[in-house]
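**Q** Compact mmCIF, C-alpha atoms, saved as final_27.txt, coming up:
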```txt
# COMPACT_ATOMS: atom_id res chain seq x y z
CA GLU G 169 -183.06 69.25 -4.49
CA ILE G 170 -185.44 70.40 -1.76
CA ASP G 171 -182.90 72.98 -0.58
CA GLY G 172 -182.52 74.27 -4.13
CA ALA G 173 -186.28 74.69 -4.49
CA LEU G 174 -186.44 76.45 -1.15
CA ILE G 175 -183.64 78.85 -2.09
CA GLY G 176 -185.18 79.43 -5.53
CA GLY G 177 -188.54 80.25 -3.96
CA ALA G 178 -186.91 82.61 -1.49
CA SER G 179 -185.09 84.39 -4.33
CA LEU G 180 -188.33 84.86 -6.28
CA SER G 181 -190.10 86.17 -3.17
CA LYS G 182 -187.21 88.55 -2.54
CA ASP G 183 -187.38 89.84 -6.12
CA LYS G 184 -191.14 90.40 -5.82
CA PHE G 185 -190.64 92.10 -2.47
CA LEU G 186 -187.94 94.41 -3.84
CA LYS G 187 -190.06 95.23 -6.91
CA ILE G 188 -193.01 96.14 -4.69
CA ILE G 189 -190.79 98.37 -2.56
CA SER G 190 -189.35 100.02 -5.67
CA SER G 191 -192.84 100.65 -7.01
CA ALA G 192 -193.99 102.11 -3.70
CA THR G 193 -191.02 104.48 -3.56
```
Could you write out this structure as structure tokens?
**A**
Amino acid sequence: EIDGALIGGASLSKDKFLKIISSAT
């Protein structure tokens, strides 16, 4: 369960990161 939450959080952070990069481009 902890691993799942960790992976889920990482995915959300990645999405945010990619969105920010896309917006900056």
**Q** Centre and edge lengths, as JSON, for the axis-aligned box enclosing every listed atom of region 185-189 of chain G with 4 Å of padding on each of the six sides, in Å to one decimal?
**A**
```
{"center_x": -190.5, "center_y": 95.2, "center_z": -4.7, "size_x": 13.1, "size_y": 14.3, "size_z": 12.4}
```
**Q** Could you tell me how far CA of Lys187 (chain G) sits from CA of Gly172 (chain G), in Å to one decimal place?
**A**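 Rounded to one decimal, the two atoms are 22.4 Å apart.
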**Q** Using Å and a single decimal, report how far CA of Phe185 (chain G) sits from CA of Ala173 (chain G).
**A** 18.1 Å
**Q** For a test of reading the model, state the distance in Å between CA of Asp171 (chain G) and CA of Leu186 (chain G), rounded to one decimal.
**A**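 Separation between CA of Asp171 (chain G) and CA of Leu186 (chain G): 22.3 Å.
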**Q** Missing atoms in region 176-187 of chain G need filling: write out N, CA and C atoms for it as a PDB file, in the frame of the given file.
**A**
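Output contents, as saved in part21.pdb:
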```pdb
ATOM      1  N   GLY G 176    -184.616  78.820  -4.324  1.00  0.00           N
ATOM      2  CA  GLY G 176    -185.180  79.430  -5.530  1.00  0.00           C
ATOM      3  C   GLY G 176    -186.450  80.196  -5.183  1.00  0.00           C
ATOM      4  N   GLY G 177    -187.296  79.587  -4.353  1.00  0.00           N
ATOM      5  CA  GLY G 177    -188.540  80.250  -3.960  1.00  0.00           C
ATOM      6  C   GLY G 177    -188.251  81.517  -3.176  1.00  0.00           C
ATOM      7  N   ALA G 178    -187.261  81.447  -2.304  1.00  0.00           N
ATOM      8  CA  ALA G 178    -186.910  82.610  -1.490  1.00  0.00           C
ATOM      9  C   ALA G 178    -186.409  83.740  -2.393  1.00  0.00           C
ATOM     10  N   SER G 179    -185.620  83.381  -3.408  1.00  0.00           N
ATOM     11  CA  SER G 179    -185.090  84.390  -4.330  1.00  0.00           C
ATOM     12  C   SER G 179    -186.238  85.073  -5.070  1.00  0.00           C
ATOM     13  N   LEU G 180    -187.201  84.286  -5.545  1.00  0.00           N
ATOM     14  CA  LEU G 180    -188.330  84.860  -6.280  1.00  0.00           C
ATOM     15  C   LEU G 180    -189.119  85.788  -5.361  1.00  0.00           C
ATOM     16  N   SER G 181    -189.345  85.347  -4.126  1.00  0.00           N
ATOM     17  CA  SER G 181    -190.100  86.170  -3.170  1.00  0.00           C
ATOM     18  C   SER G 181    -189.345  87.467  -2.911  1.00  0.00           C
ATOM     19  N   LYS G 182    -188.027  87.359  -2.795  1.00  0.00           N
ATOM     20  CA  LYS G 182    -187.210  88.550  -2.540  1.00  0.00           C
ATOM     21  C   LYS G 182    -187.337  89.523  -3.708  1.00  0.00           C
ATOM     22  N   ASP G 183    -187.261  88.991  -4.926  1.00  0.00           N
ATOM     23  CA  ASP G 183    -187.380  89.840  -6.120  1.00  0.00           C
ATOM     24  C   ASP G 183    -188.726  90.551  -6.118  1.00  0.00           C
ATOM     25  N   LYS G 184    -189.788  89.805  -5.843  1.00  0.00           N
ATOM     26  CA  LYS G 184    -191.140  90.400  -5.820  1.00  0.00           C
ATOM     27  C   LYS G 184    -191.189  91.490  -4.758  1.00  0.00           C
ATOM     28  N   PHE G 185    -190.629  91.157  -3.581  1.00  0.00           N
ATOM     29  CA  PHE G 185    -190.640  92.100  -2.470  1.00  0.00           C
ATOM     30  C   PHE G 185    -189.909  93.383  -2.857  1.00  0.00           C
ATOM     31  N   LEU G 186    -188.728  93.243  -3.451  1.00  0.00           N
ATOM     32  CA  LEU G 186    -187.940  94.410  -3.840  1.00  0.00           C
ATOM     33  C   LEU G 186    -188.689  95.221  -4.910  1.00  0.00           C
ATOM     34  N   LYS G 187    -189.320  94.527  -5.841  1.00  0.00           N
ATOM     35  CA  LYS G 187    -190.060  95.230  -6.910  1.00  0.00           C
ATOM     36  C   LYS G 187    -191.201  96.037  -6.305  1.00  0.00           C
TER      37      LYS G 187
END
```
